[in-house]
>>> print(open('target.txt').read())   # compact mmCIF, C-alpha atoms
# COMPACT_ATOMS: atom_id res chain seq x y z
CA MET A 1253 -10.65 11.33 32.69
CA SER A 1254 -12.32 14.09 30.72
CA ASN A 1255 -14.23 17.14 31.93
CA LEU A 1256 -14.84 18.28 28.42
CA ASP A 1257 -18.29 17.95 26.89
CA LEU A 1258 -17.43 16.57 23.46
CA SER A 1259 -20.72 17.83 22.04
CA LYS A 1260 -19.03 21.26 22.05
CA ILE A 1261 -16.60 19.99 19.41
CA SER A 1262 -17.48 20.93 15.85
CA LEU A 1263 -15.86 21.01 12.42
CA ARG A 1264 -16.08 23.97 10.06
CA PRO A 1265 -14.00 25.64 7.34
CA PHE A 1266 -11.23 28.00 8.47
CA LYS A 1267 -11.77 31.76 8.54
CA LEU A 1268 -9.18 34.53 8.57
CA SER A 1269 -10.60 35.59 11.94
CA ASP A 1270 -9.30 32.26 13.39
CA VAL A 1271 -5.74 33.62 13.16
CA ASP A 1272 -5.06 34.23 16.86
CA ASP A 1273 -6.49 30.88 17.97
CA PHE A 1274 -4.71 29.21 15.02
CA LEU A 1275 -1.35 30.63 16.07
CA LEU A 1276 -1.72 29.15 19.56
CA TRP A 1277 -1.49 25.60 18.22
CA ALA A 1278 0.10 26.01 14.75
CA GLY A 1279 2.85 28.03 16.43
CA ASP A 1280 3.56 25.22 18.92
CA ASP A 1281 6.42 22.82 18.06
CA GLN A 1282 4.81 20.11 20.21
CA VAL A 1283 1.80 20.13 17.89
CA THR A 1284 3.65 20.44 14.56
CA GLN A 1285 6.43 17.95 15.32
CA ASN A 1286 4.46 15.11 13.74
CA LEU A 1287 3.13 17.19 10.86
CA ARG A 1288 4.80 18.15 7.63
CA TRP A 1289 3.82 21.75 8.56
CA LYS A 1290 6.45 24.26 9.50
CA THR A 1291 5.68 25.79 12.88
CA CYS A 1292 4.05 29.24 12.38
CA GLY A 1293 6.41 31.91 13.67
CA SER A 1294 4.20 35.00 13.56
CA ARG A 1295 0.68 36.29 13.19
CA GLU A 1296 1.49 37.31 9.59
CA GLU A 1297 2.67 33.79 8.76
CA ALA A 1298 -0.46 32.31 10.34
CA LEU A 1299 -2.70 34.68 8.38
CA ALA A 1300 -0.94 33.81 5.10
CA PHE A 1301 -1.14 30.09 5.89
CA ILE A 1302 -4.89 30.26 6.58
CA ARG A 1303 -5.49 32.38 3.46
CA ASP A 1304 -3.18 30.53 1.04
CA VAL A 1305 -3.35 26.94 2.26
CA CYS A 1306 -6.21 26.22 4.66
CA ILE A 1307 -9.02 28.05 2.89
CA PRO A 1308 -8.32 26.86 -0.71
CA HIS A 1309 -7.56 23.30 0.49
CA PRO A 1310 -9.69 20.50 -1.10
CA TRP A 1311 -10.93 19.43 2.35
CA ARG A 1312 -9.65 21.03 5.53
CA ARG A 1313 -11.68 21.80 8.63
CA SER A 1314 -10.96 23.60 11.84
CA ILE A 1315 -11.64 21.51 14.96
CA CYS A 1316 -13.59 23.95 17.13
CA LEU A 1317 -14.47 24.09 20.79
CA ASP A 1318 -17.38 26.50 21.21
CA ASP A 1319 -16.54 27.67 17.67
CA ARG A 1320 -12.92 28.57 18.57
CA SER A 1321 -10.21 26.80 16.54
CA ILE A 1322 -8.18 24.28 18.56
CA GLY A 1323 -6.91 22.09 15.73
CA PHE A 1324 -7.57 20.77 12.25
CA VAL A 1325 -8.57 17.74 10.20
CA SER A 1326 -7.40 17.57 6.58
CA VAL A 1327 -8.15 15.17 3.78
CA TYR A 1328 -6.08 15.35 0.62
CA PRO A 1329 -7.42 13.33 -2.30
CA TRP A 1330 -5.08 11.88 -4.92
CA SER A 1331 -5.78 12.78 -8.54
CA GLY A 1332 -6.54 11.05 -11.80
CA ASP A 1333 -6.63 7.23 -11.60
CA ASP A 1334 -5.74 7.47 -7.90
CA ARG A 1335 -8.74 9.58 -6.84
CA CYS A 1336 -10.14 6.44 -5.22
CA LYS A 1337 -7.89 7.27 -2.27
CA ALA A 1338 -7.17 10.23 0.01
CA ASP A 1339 -4.82 10.96 2.92
CA ILE A 1340 -6.14 12.17 6.28
CA GLY A 1341 -4.17 14.22 8.81
CA TYR A 1342 -5.10 16.02 12.04
CA ALA A 1343 -3.76 17.85 15.08
CA VAL A 1344 -5.09 19.33 18.30
CA ALA A 1345 -3.69 22.08 20.54
CA ALA A 1346 -1.45 20.56 23.24
CA ASP A 1347 -3.60 21.93 26.10
CA TYR A 1348 -6.48 19.76 24.85
CA TRP A 1349 -4.63 16.48 24.42
CA GLY A 1350 -5.81 13.32 26.15
CA GLN A 1351 -9.54 14.13 26.09
CA GLY A 1352 -10.68 12.26 23.00
CA ILE A 1353 -10.99 15.37 20.85
CA ALA A 1354 -8.94 14.18 17.88
CA THR A 1355 -10.82 10.86 17.92
CA LYS A 1356 -14.15 12.69 17.97
CA ALA A 1357 -13.03 15.03 15.17
CA VAL A 1358 -11.85 12.16 12.95
CA LYS A 1359 -15.09 10.25 13.61
CA MET A 1360 -17.08 13.33 12.59
CA ALA A 1361 -14.92 13.94 9.51
CA VAL A 1362 -15.00 10.43 8.01
CA PRO A 1363 -18.67 10.26 6.95
CA GLN A 1364 -18.54 13.89 5.75
CA VAL A 1365 -15.49 13.15 3.61
CA PHE A 1366 -17.02 10.09 1.94
CA ASN A 1367 -20.10 12.18 1.25
CA ASP A 1368 -18.12 15.13 -0.18
CA LEU A 1369 -15.53 13.23 -2.28
CA SER A 1370 -17.54 11.18 -4.74
CA HIS A 1371 -14.80 8.87 -6.07
CA LEU A 1372 -13.35 8.10 -2.68
CA VAL A 1373 -13.14 4.44 -1.72
CA ARG A 1374 -10.15 4.47 0.65
CA LEU A 1375 -9.16 6.97 3.33
CA GLN A 1376 -5.59 6.32 4.49
CA ALA A 1377 -3.41 7.66 7.26
CA PHE A 1378 0.32 7.40 7.88
CA THR A 1379 1.77 7.78 11.36
CA SER A 1380 5.25 7.52 12.78
CA PRO A 1381 5.74 4.20 14.67
CA GLU A 1382 6.58 6.20 17.83
CA ASN A 1383 3.37 8.25 17.72
CA LYS A 1384 1.22 5.84 19.74
CA ALA A 1385 -1.35 8.51 20.63
CA SER A 1386 -2.13 9.14 16.98
CA GLN A 1387 -2.37 5.41 16.27
CA ARG A 1388 -4.92 5.08 19.10
CA VAL A 1389 -6.99 7.91 17.57
CA LEU A 1390 -7.20 6.00 14.30
CA GLU A 1391 -7.96 2.66 15.94
CA LYS A 1392 -10.74 4.18 18.07
CA ALA A 1393 -12.12 5.92 14.98
CA GLY A 1394 -12.44 2.51 13.28
CA PHE A 1395 -9.39 2.55 10.99
CA LEU A 1396 -7.62 -0.74 10.28
CA LYS A 1397 -3.86 -0.93 10.81
CA GLU A 1398 -2.46 -2.50 7.64
CA GLY A 1399 1.27 -2.64 8.23
CA LEU A 1400 4.61 -1.02 8.85
CA LEU A 1401 6.21 0.49 5.73
CA ARG A 1402 9.96 0.60 6.27
CA LYS A 1403 11.94 3.71 5.30
CA TYR A 1404 8.83 4.81 3.47
CA THR A 1405 9.08 8.59 3.48
CA TYR A 1406 11.29 11.60 3.99
CA PHE A 1407 10.02 13.59 6.97
CA LYS A 1408 11.68 16.86 7.95
CA GLY A 1409 15.04 15.74 6.58
CA ASN A 1410 15.03 12.13 7.78
CA ILE A 1411 13.96 8.83 6.20
CA LYS A 1412 11.24 7.38 8.43
CA ASP A 1413 9.15 4.26 8.78
CA SER A 1414 5.38 4.75 8.51
CA VAL A 1415 2.49 2.80 9.97
CA VAL A 1416 -0.37 2.78 7.47
CA PHE A 1417 -4.07 2.71 8.42
CA SER A 1418 -7.18 2.78 6.27
CA PHE A 1419 -10.94 3.31 6.46
CA LEU A 1420 -12.97 2.21 3.42
CA SER A 1421 -16.29 3.53 2.16
CA THR A 1422 -17.60 0.04 2.94
CA ASP A 1423 -16.23 -0.12 6.50
CA GLU A 1424 -18.54 0.21 9.50
CA PHE A 1425 -18.34 3.13 11.87
CA PRO A 1426 -17.47 2.20 15.46
CA HIS A 1427 -20.16 2.62 18.12
CA ASP A 1428 -20.06 5.90 20.02
CA ASP A 1429 -19.05 4.47 23.40
CA SER A 1430 -15.64 3.28 22.18
CA TRP A 1431 -13.69 5.93 24.06
CA LYS A 1432 -15.49 5.90 27.43
CA MET B 333 12.51 -22.43 -30.66
CA MET B 334 9.27 -21.60 -28.82
CA GLU B 335 7.85 -25.11 -29.41
CA ARG B 336 10.88 -26.85 -27.96
CA ASP B 337 10.92 -24.63 -24.85
CA ARG B 338 7.28 -25.01 -23.92
CA GLU B 339 7.36 -28.20 -21.87
CA GLU B 340 10.95 -28.09 -20.68
CA SER B 341 12.61 -26.39 -17.76
CA VAL B 342 14.74 -23.45 -18.74
CA ASP B 343 18.50 -23.20 -18.25
CA LEU B 344 18.62 -19.97 -16.21
CA ALA B 345 22.13 -19.28 -17.53
CA GLN B 346 20.42 -18.52 -20.87
CA ILE B 347 18.39 -15.72 -19.25
CA SER B 348 19.77 -12.23 -19.78
CA LEU B 349 18.68 -8.62 -19.44
CA ARG B 350 19.23 -5.94 -22.09
CA PRO B 351 17.45 -2.83 -23.34
CA LEU B 352 14.27 -3.41 -25.32
CA GLN B 353 14.72 -2.73 -29.06
CA LEU B 354 12.36 -2.12 -31.94
CA SER B 355 13.45 -5.49 -33.42
CA ASP B 356 11.87 -7.14 -30.32
CA VAL B 357 8.37 -6.04 -31.36
CA ASP B 358 7.16 -9.46 -32.62
CA ASP B 359 8.38 -11.15 -29.44
CA LEU B 360 6.77 -8.38 -27.36
CA MET B 361 3.45 -8.96 -29.13
CA VAL B 362 3.47 -12.58 -27.90
CA TRP B 363 3.06 -11.55 -24.24
CA THR B 364 1.12 -8.31 -24.80
CA THR B 365 -1.63 -10.03 -26.79
CA ASP B 366 -1.95 -12.92 -24.30
CA GLU B 367 -5.03 -12.26 -22.11
CA LYS B 368 -3.53 -14.14 -19.17
CA VAL B 369 -0.55 -11.80 -18.93
CA PRO B 370 -2.06 -8.36 -18.12
CA LYS B 371 -4.79 -9.82 -15.91
CA PHE B 372 -3.44 -7.92 -12.89
CA CYS B 373 -2.03 -5.00 -14.88
CA THR B 374 -3.68 -1.67 -15.61
CA TRP B 375 -3.34 -2.20 -19.37
CA GLU B 376 -5.54 -4.26 -21.71
CA PRO B 377 -4.09 -6.86 -24.11
CA TYR B 378 -2.77 -5.21 -27.26
CA SER B 379 -4.78 -5.57 -30.43
CA SER B 380 -2.33 -4.11 -32.95
CA LYS B 381 1.39 -4.08 -33.65
CA ASP B 382 1.26 -0.26 -33.58
CA GLN B 383 0.73 -0.47 -29.82
CA GLY B 384 3.84 -2.64 -29.51
CA ILE B 385 5.90 -0.21 -31.58
CA ASP B 386 4.55 2.73 -29.56
CA PHE B 387 5.50 1.02 -26.28
CA ILE B 388 9.07 0.29 -27.41
CA GLN B 389 9.65 3.70 -28.99
CA ASN B 390 7.79 6.01 -26.63
CA LYS B 391 6.86 4.34 -23.33
CA ALA B 392 9.76 2.07 -22.39
CA CYS B 393 12.22 4.97 -22.27
CA GLU B 394 10.06 6.90 -19.78
CA PHE B 395 10.78 4.48 -16.93
CA LEU B 396 13.60 5.24 -14.53
CA TRP B 397 15.18 1.93 -15.62
CA SER B 398 13.98 -0.97 -17.73
CA ARG B 399 15.18 -4.10 -19.49
CA ALA B 400 13.86 -6.82 -21.74
CA ILE B 401 14.03 -10.25 -20.07
CA CYS B 402 15.60 -12.49 -22.71
CA LEU B 403 15.96 -16.22 -23.28
CA HIS B 404 18.69 -16.95 -25.87
CA ASP B 405 18.58 -13.17 -26.51
CA ARG B 406 14.88 -13.30 -27.52
CA ALA B 407 12.58 -11.08 -25.42
CA ILE B 408 10.13 -13.07 -23.26
CA GLY B 409 9.24 -10.36 -20.76
CA PHE B 410 10.05 -6.94 -19.34
CA ILE B 411 11.19 -5.54 -16.00
CA LEU B 412 11.15 -1.91 -14.93
CA MET B 413 11.68 0.52 -12.09
CA THR B 414 9.85 3.81 -11.52
CA SER B 415 10.69 6.54 -9.06
CA CYS B 416 8.16 6.95 -6.25
CA SER B 417 8.86 10.70 -6.19
CA ALA B 418 6.81 11.06 -9.39
CA THR B 419 3.64 10.88 -7.29
CA ASP B 420 5.02 11.94 -3.90
CA GLN B 421 7.94 14.31 -3.42
CA SER B 422 8.67 12.91 0.05
CA ARG B 423 9.48 9.50 -1.51
CA GLU B 424 12.56 10.27 -3.61
CA LYS B 425 14.58 7.53 -1.90
CA SER B 426 12.07 4.88 -2.97
CA VAL B 427 11.73 3.07 -6.25
CA GLU B 428 8.94 0.75 -7.36
CA LEU B 429 9.59 -2.50 -9.25
CA GLY B 430 7.30 -3.87 -11.98
CA TYR B 431 7.64 -6.88 -14.26
CA VAL B 432 5.83 -9.03 -16.77
CA LEU B 433 6.64 -12.42 -18.31
CA GLY B 434 5.14 -14.42 -21.16
CA SER B 435 2.79 -17.05 -19.72
CA LYS B 436 4.57 -20.02 -21.33
CA TYR B 437 7.57 -19.13 -19.14
CA TRP B 438 5.69 -18.97 -15.85
CA SER B 439 6.48 -21.37 -12.98
CA LYS B 440 10.04 -22.08 -14.13
CA GLY B 441 11.84 -19.86 -11.64
CA ILE B 442 12.71 -17.32 -14.31
CA MET B 443 11.02 -14.31 -12.73
CA THR B 444 12.48 -15.06 -9.27
CA TYR B 445 15.94 -15.37 -10.82
CA VAL B 446 15.54 -12.07 -12.67
CA VAL B 447 14.13 -10.18 -9.66
CA LYS B 448 17.07 -11.38 -7.51
CA GLN B 449 19.49 -9.90 -10.08
CA VAL B 450 17.57 -6.66 -10.49
CA LYS B 451 17.34 -6.21 -6.71
CA LYS B 452 21.15 -6.00 -6.60
CA VAL B 453 21.31 -3.85 -9.76
CA ALA B 454 18.88 -1.34 -8.24
CA PHE B 455 21.03 -0.54 -5.21
CA ARG B 456 24.21 -0.47 -7.31
CA GLU B 457 22.71 1.69 -10.05
CA PHE B 458 21.06 4.11 -7.57
CA PRO B 459 23.49 4.47 -4.65
CA HIS B 460 21.15 6.77 -2.67
CA LEU B 461 18.27 4.31 -2.93
CA GLU B 462 16.95 3.27 0.49
CA ARG B 463 13.85 1.25 -0.41
CA LEU B 464 12.82 -0.89 -3.39
CA GLU B 465 9.13 -1.74 -3.23
CA ALA B 466 6.58 -3.69 -5.23
CA LEU B 467 2.78 -3.74 -5.13
CA VAL B 468 1.01 -6.93 -6.17
CA ASP B 469 -2.69 -7.62 -6.52
CA ALA B 470 -3.84 -9.68 -3.50
CA GLU B 471 -5.19 -12.32 -5.92
CA ASN B 472 -1.88 -12.63 -7.80
CA VAL B 473 -0.36 -15.35 -5.65
CA GLY B 474 2.27 -16.32 -8.25
CA SER B 475 3.79 -12.86 -8.27
CA GLN B 476 3.73 -12.67 -4.46
CA ARG B 477 5.73 -15.90 -4.33
CA VAL B 478 8.30 -14.45 -6.75
CA LEU B 479 8.93 -11.53 -4.41
CA GLU B 480 9.04 -13.69 -1.27
CA LYS B 481 11.54 -16.09 -2.87
CA ALA B 482 13.57 -13.13 -4.11
CA GLY B 483 13.95 -11.89 -0.51
CA PHE B 484 11.38 -9.07 -0.31
CA HIS B 485 9.57 -8.44 3.00
CA ARG B 486 5.78 -8.58 2.89
CA GLU B 487 4.65 -5.51 4.86
CA GLY B 488 0.86 -5.69 4.62
CA VAL B 489 -2.22 -5.45 2.45
CA LEU B 490 -3.37 -1.99 1.32
CA ARG B 491 -7.11 -2.41 0.97
CA LYS B 492 -8.72 -1.04 -2.21
CA TYR B 493 -5.50 0.86 -2.88
CA LEU B 494 -5.90 0.93 -6.68
CA PHE B 495 -8.88 1.10 -9.00
CA PHE B 496 -8.58 -0.21 -12.56
CA LYS B 497 -10.49 -2.30 -15.08
CA GLY B 498 -13.66 -1.34 -13.25
CA LYS B 499 -12.79 -2.61 -9.79
CA SER B 500 -10.97 -1.79 -6.60
CA ARG B 501 -7.87 -3.86 -5.90
CA ASP B 502 -6.34 -4.87 -2.61
CA MET B 503 -2.58 -4.61 -3.08
CA VAL B 504 0.07 -6.48 -1.09
CA ILE B 505 3.08 -4.25 -0.50
CA PHE B 506 6.58 -5.69 -0.41
CA SER B 507 9.92 -4.01 0.17
CA VAL B 508 13.62 -4.60 0.32
CA LEU B 509 15.93 -2.04 1.92
CA SER B 510 19.55 -1.29 1.11
CA THR B 511 20.31 -2.51 4.64
CA ASP B 512 18.52 -5.85 3.98
CA LEU B 513 20.95 -6.68 1.19
CA ASN B 514 23.89 -6.96 3.57
CA HIS B 515 22.21 -9.94 5.25
CA GLN B 516 21.12 -11.77 2.13
CA ASP B 517 22.53 -13.98 -0.60
>>> encode(input="target.txt", output="C-alpha cells")
Amino acid sequence: MSNLDLSKISLRPFKLSDVDDFLLWAGDDQVTQNLRWKTCGSREEALAFIRDVCIPHPWRRSICLDDRSIGFVSVYPWSGDDRCKADIGYAVAADYWGQGIATKAVKMAVPQVFNDLSHLVRLQAFTSPENKASQRVLEKAGFLKEGLLRKYTYFKGNIKDSVVFSFLSTDEFPHDDSWK
Amino acid sequence: MMERDREESVDLAQISLRPLQLSDVDDLMVWTTDEKVPKFCTWEPYSSKDQGIDFIQNKACEFLWSRAICLHDRAIGFILMTSCSATDQSREKSVELGYVLGSKYWSKGIMTYVVKQVKKVAFREFPHLERLEALVDAENVGSQRVLEKAGFHREGVLRKYLFFKGKSRDMVIFSVLSTDLNHQD
C-alpha cells in the first residue's frame, strides 16, 4: 500500500521558515475540516499562526518528511487539579493520507509527551463519530476507545457527538508491525 | 426526628428542594462531618462549623444552580449543577450534575427521586441546555445505580480522568439529553 519510508518521518518544533509548507496543508479545507482550526487563507495568516500559536504552544510538533512540514501533532495539558490529563490532536496534508503517517507520528509523540509532561497520567483524544480514519489512527497507536459522548461539544457552530479515546502512562505501546 | 427516621422507609412526598440557608448549618454539619459521605468527593470531611458556614455563605451561591434536599424541611443533602463551559468554552450547552446525601438516608430511593425531579428542572430552567451529564467514581456503585434508575445513559468509563486524595480515579460518565426526555416518564 505504501511507498513511503516511514523512517523519514520525524517530529520537531515549528519554525517560521516552515510557512510555505505549512500553508499547503493548513490552508486546505480537507485537512482542517475536523480541526477546530480556521483554514489559513494567506501566507501572512500562516506566519502569524506559526509565530503566535504553534511556537508558544505547550506541546506542538511539526510532522516532517525529510524535515519538511506535512502536518502536526499537538498535546494540550489541562491545568491545576486537572493536569493529570491532556488532549491530543493531529493532522496530515491530504496528499499524504492513507500511508500510516499520522499513526507513526502519534506513536512517536506519545512516549515523548509522557516524558515531557511530568504530571500527565492520561492522554485523551476526541474524534467525530464519522471520522473513521482518525479513529483507526488512535486504535493502531494503542489508544483505548472508551465511549460515545452524545452532544458533547460545539464544533464550528454545531453540537456534535464525540468518540473519546485514551492512552495512560501505564498503558503498553503497541508493537511496531501493527500497521503492516 | 432523626432517631425515628433511621430504620424506617421515607415517605418521598416529604422530600422537597429549596435553597440552602445559614439556618441549615447544623443539619449540613451532619453529612459534611460523616467520613462515609465524601469518600468519592474531592473534599475532606469538615472539622469545624466555620467550614459549614463558609460553604453556605460563599460556595453554594457559586454554582449555576443548587438546592438543599430536605426531609420535613430539614436539610439532609445537597444537589447542584455546574456549567461545563467553565472549563471548556466549546461545552456551553452542557451542564454537570452533582449531589450528596447524608448516609442515614442512603438506599431509600431518595436520591433517585430527587435526581428524576432535577433532571426535568434542568431542561426547564435552562431552555438551551442540550446535555446534562454526571461523572461518578467507578467504585461508587450506589451512585451509578441512582443515575441509571433516574434514566441517565451510561456512556463509558474515562480511565484515570481525575486525580484527588492522592490517587487517580476512573470515572463513569452518564448523560441525559433534552431529546431523551421526550421518551421518558
>>> closest_residue(input="target.txt", among="B:Trp438, B:Phe410, B:Phe506, B:Tyr445", to="chain A", atoms="all atoms listed in the file")
B:Phe506
>>> residues_near_point(input="target.txt", point="(13.7, 0.9, 3.3)", cutoff="9 Å", atoms="only C-alpha atoms", output="ChimeraX atom specification")
/A:1401-1405,1411-1413 /B:425-426,461-465,507-512
>>> closest_atom_pairs(input="target.txt", of="chain B", to="chain A", cutoff="12 Å", atoms="all atoms listed in the file", output="Markdown table")
| residue | atom | partner | partner_atom | distance |
| --- | --- | --- | --- | --- |
| B:Thr374 | CA | A:Asp1333 | CA | 10.2 |
| B:Cys416 | CA | A:Thr1405 | CA | 9.9 |
| B:Ser417 | CA | A:Thr1405 | CA | 9.9 |
| B:Thr419 | CA | A:Trp1330 | CA | 9.1 |
| B:Asp420 | CA | A:Thr1405 | CA | 9.1 |
| B:Gln421 | CA | A:Tyr1406 | CA | 8.6 |
| B:Ser422 | CA | A:Tyr1406 | CA | 4.9 |
| B:Arg423 | CA | A:Thr1405 | CA | 5.1 |
| B:Glu424 | CA | A:Tyr1406 | CA | 7.8 |
| B:Lys425 | CA | A:Thr1405 | CA | 7.8 |
| B:Ser426 | CA | A:Tyr1404 | CA | 7.2 |
| B:Val427 | CA | A:Tyr1404 | CA | 10.3 |
| B:Glu428 | CA | A:Tyr1404 | CA | 11.6 |
| B:His460 | CA | A:Ile1411 | CA | 11.6 |
| B:Leu461 | CA | A:Lys1403 | CA | 10.4 |
| B:Glu462 | CA | A:Lys1403 | CA | 7.0 |
| B:Arg463 | CA | A:Lys1403 | CA | 6.5 |
| B:Leu464 | CA | A:Tyr1404 | CA | 9.8 |
| B:Glu465 | CA | A:Tyr1404 | CA | 9.4 |
| B:Ala466 | CA | A:Leu1401 | CA | 11.7 |
| B:Phe484 | CA | A:Arg1402 | CA | 11.8 |
| B:His485 | CA | A:Arg1402 | CA | 9.6 |
| B:Arg486 | CA | A:Gly1399 | CA | 9.2 |
| B:Glu487 | CA | A:Gly1399 | CA | 5.6 |
| B:Gly488 | CA | A:Gly1399 | CA | 4.7 |
| B:Val489 | CA | A:Glu1398 | CA | 6.0 |
| B:Leu490 | CA | A:Glu1398 | CA | 6.4 |
| B:Arg491 | CA | A:Ser1418 | CA | 7.4 |
| B:Lys492 | CA | A:Arg1374 | CA | 6.4 |
| B:Tyr493 | CA | A:Arg1374 | CA | 6.9 |
| B:Leu494 | CA | A:Asp1334 | CA | 6.7 |
| B:Phe495 | CA | A:Cys1336 | CA | 6.7 |
| B:Phe496 | CA | A:Asp1333 | CA | 7.8 |
| B:Lys497 | CA | A:Asp1333 | CA | 10.9 |
| B:Gly498 | CA | A:Asp1333 | CA | 11.2 |
| B:Lys499 | CA | A:Cys1336 | CA | 10.5 |
| B:Ser500 | CA | A:Val1373 | CA | 8.2 |
| B:Arg501 | CA | A:Cys1336 | CA | 10.6 |
| B:Asp502 | CA | A:Arg1374 | CA | 10.6 |
| B:Met503 | CA | A:Glu1398 | CA | 10.9 |
| B:Val504 | CA | A:Glu1398 | CA | 9.9 |
| B:Ile505 | CA | A:Leu1401 | CA | 8.4 |
| B:Phe506 | CA | A:Leu1401 | CA | 8.7 |
| B:Ser507 | CA | A:Arg1402 | CA | 7.6 |
| B:Val508 | CA | A:Arg1402 | CA | 8.7 |
| B:Leu509 | CA | A:Lys1403 | CA | 7.8 |
| B:Ser510 | CA | A:Lys1403 | CA | 10.0 |
| B:Thr511 | CA | A:Lys1403 | CA | 10.4 |
| B:Asp512 | CA | A:Arg1402 | CA | 11.0 |
>>> atom_distance(input="target.txt", atom1="atom CA of A:Asp1339", atom2="atom CA of A:Ser1380")
14.5 Å
>>> axis_aligned_box(input="target.txt", around="stretch 500-512 of chain B", padding_each_side="6 Å", output="lines of an AutoDock Vina configuration file")
center_x = 4.7
center_y = -3.9
center_z = -1.0
size_x = 43.3
size_y = 17.2
size_z = 23.2
>>> closest_residue(input="target.txt", among="B:Gly474, B:Gly384, B:Gly430, B:Gly483", to="B:Met413", atoms="all atoms listed in the file")
B:Gly430
>>> residues_near_point(input="target.txt", point="(14.0, -7.6, -19.5)", cutoff="12 Å", atoms="all atoms listed in the file", output="ChimeraX atom specification")
/B:347-353,356,359-360,392,397-403,405-413,430-434,442-443,445-447,449-450
>>> atom_distance(input="target.txt", atom1="atom CA of A:Ala1345", atom2="atom CA of A:Tyr1328")
21.2 Å
>>> residues_around(input="target.txt", residues="B:Lys371", least_positions_apart="4", cutoff="12 Å", atoms="all atoms listed in the file", output="PyMOL selection string")
chain B and resi 363-367+375-377+432-433+435+468-469+471-472+475+496-497
>>> atom_distance(input="target.txt", atom1="atom CA of A:Pro1329", atom2="atom CA of A:His1309")
10.4 Å
>>> residues_around(input="target.txt", residues="A:Glu1297", least_positions_apart="6", cutoff="12 Å", atoms="only C-alpha atoms", output="PDB file with C-alpha atoms, in the frame of the given file")
ATOM      1  CA  LEU A1268      -9.180  34.530   8.570  1.00  0.00           C
ATOM      2  CA  VAL A1271      -5.740  33.620  13.160  1.00  0.00           C
ATOM      3  CA  ASP A1272      -5.060  34.230  16.860  1.00  0.00           C
ATOM      4  CA  PHE A1274      -4.710  29.210  15.020  1.00  0.00           C
ATOM      5  CA  LEU A1275      -1.350  30.630  16.070  1.00  0.00           C
ATOM      6  CA  ALA A1278       0.100  26.010  14.750  1.00  0.00           C
ATOM      7  CA  GLY A1279       2.850  28.030  16.430  1.00  0.00           C
ATOM      8  CA  LYS A1290       6.450  24.260   9.500  1.00  0.00           C
ATOM      9  CA  THR A1291       5.680  25.790  12.880  1.00  0.00           C
ATOM     10  CA  ARG A1303      -5.490  32.380   3.460  1.00  0.00           C
ATOM     11  CA  ASP A1304      -3.180  30.530   1.040  1.00  0.00           C
ATOM     12  CA  VAL A1305      -3.350  26.940   2.260  1.00  0.00           C
TER      13      VAL A1305
END
>>> residues_around(input="target.txt", residues="A:Val1327", least_positions_apart="3", cutoff="8 Å", atoms="only C-alpha atoms", output="PyMOL selection string")
chain A and resi 1310-1312+1338-1341+1365
>>> closest_residue(input="target.txt", among="A:Val1362, A:Ile1307, A:Leu1317, A:Ala1385", to="A:Thr1422", atoms="only C-alpha atoms")
A:Val1362
>>> closest_residue(input="target.txt", among="A:Gly1352, A:Ser1370, A:Trp1289, A:Ala1298", to="A:Ser1269", atoms="all atoms listed in the file")
A:Ala1298
>>> build_atoms(input="target.txt", residues="stretch 1256-1265 of chain A", atoms="N, CA, C and O atoms", output="PDB file, keeping the file's coordinate frame")
ATOM      1  N   LEU A1256     -14.353  17.565  29.578  1.00  0.00           N
ATOM      2  CA  LEU A1256     -14.840  18.280  28.420  1.00  0.00           C
ATOM      3  C   LEU A1256     -16.098  17.624  27.855  1.00  0.00           C
ATOM      4  O   LEU A1256     -16.170  16.419  27.699  1.00  0.00           O
ATOM      5  N   ASP A1257     -17.082  18.447  27.533  1.00  0.00           N
ATOM      6  CA  ASP A1257     -18.290  17.950  26.890  1.00  0.00           C
ATOM      7  C   ASP A1257     -18.018  17.923  25.388  1.00  0.00           C
ATOM      8  O   ASP A1257     -17.962  18.970  24.725  1.00  0.00           O
ATOM      9  N   LEU A1258     -17.841  16.691  24.860  1.00  0.00           N
ATOM     10  CA  LEU A1258     -17.430  16.570  23.460  1.00  0.00           C
ATOM     11  C   LEU A1258     -18.500  17.044  22.472  1.00  0.00           C
ATOM     12  O   LEU A1258     -18.213  17.206  21.293  1.00  0.00           O
ATOM     13  N   SER A1259     -19.708  17.290  22.950  1.00  0.00           N
ATOM     14  CA  SER A1259     -20.720  17.830  22.040  1.00  0.00           C
ATOM     15  C   SER A1259     -20.417  19.281  21.671  1.00  0.00           C
ATOM     16  O   SER A1259     -21.013  19.835  20.743  1.00  0.00           O
ATOM     17  N   LYS A1260     -19.443  19.890  22.380  1.00  0.00           N
ATOM     18  CA  LYS A1260     -19.030  21.260  22.050  1.00  0.00           C
ATOM     19  C   LYS A1260     -18.002  21.296  20.921  1.00  0.00           C
ATOM     20  O   LYS A1260     -17.558  22.372  20.507  1.00  0.00           O
ATOM     21  N   ILE A1261     -17.577  20.087  20.496  1.00  0.00           N
ATOM     22  CA  ILE A1261     -16.600  19.990  19.410  1.00  0.00           C
ATOM     23  C   ILE A1261     -17.333  20.014  18.081  1.00  0.00           C
ATOM     24  O   ILE A1261     -18.303  19.267  17.874  1.00  0.00           O
ATOM     25  N   SER A1262     -16.874  20.871  17.174  1.00  0.00           N
ATOM     26  CA  SER A1262     -17.480  20.930  15.850  1.00  0.00           C
ATOM     27  C   SER A1262     -16.388  21.084  14.793  1.00  0.00           C
ATOM     28  O   SER A1262     -15.256  21.449  15.098  1.00  0.00           O
ATOM     29  N   LEU A1263     -16.759  20.811  13.560  1.00  0.00           N
ATOM     30  CA  LEU A1263     -15.860  21.010  12.420  1.00  0.00           C
ATOM     31  C   LEU A1263     -16.454  22.076  11.520  1.00  0.00           C
ATOM     32  O   LEU A1263     -17.655  22.057  11.254  1.00  0.00           O
ATOM     33  N   ARG A1264     -15.625  22.980  11.044  1.00  0.00           N
ATOM     34  CA  ARG A1264     -16.080  23.970  10.060  1.00  0.00           C
ATOM     35  C   ARG A1264     -14.882  24.466   9.264  1.00  0.00           C
ATOM     36  O   ARG A1264     -13.749  24.295   9.696  1.00  0.00           O
ATOM     37  N   PRO A1265     -15.122  25.081   8.090  1.00  0.00           N
ATOM     38  CA  PRO A1265     -14.000  25.640   7.340  1.00  0.00           C
ATOM     39  C   PRO A1265     -13.289  26.726   8.150  1.00  0.00           C
ATOM     40  O   PRO A1265     -13.886  27.351   9.040  1.00  0.00           O
TER      41      PRO A1265
END
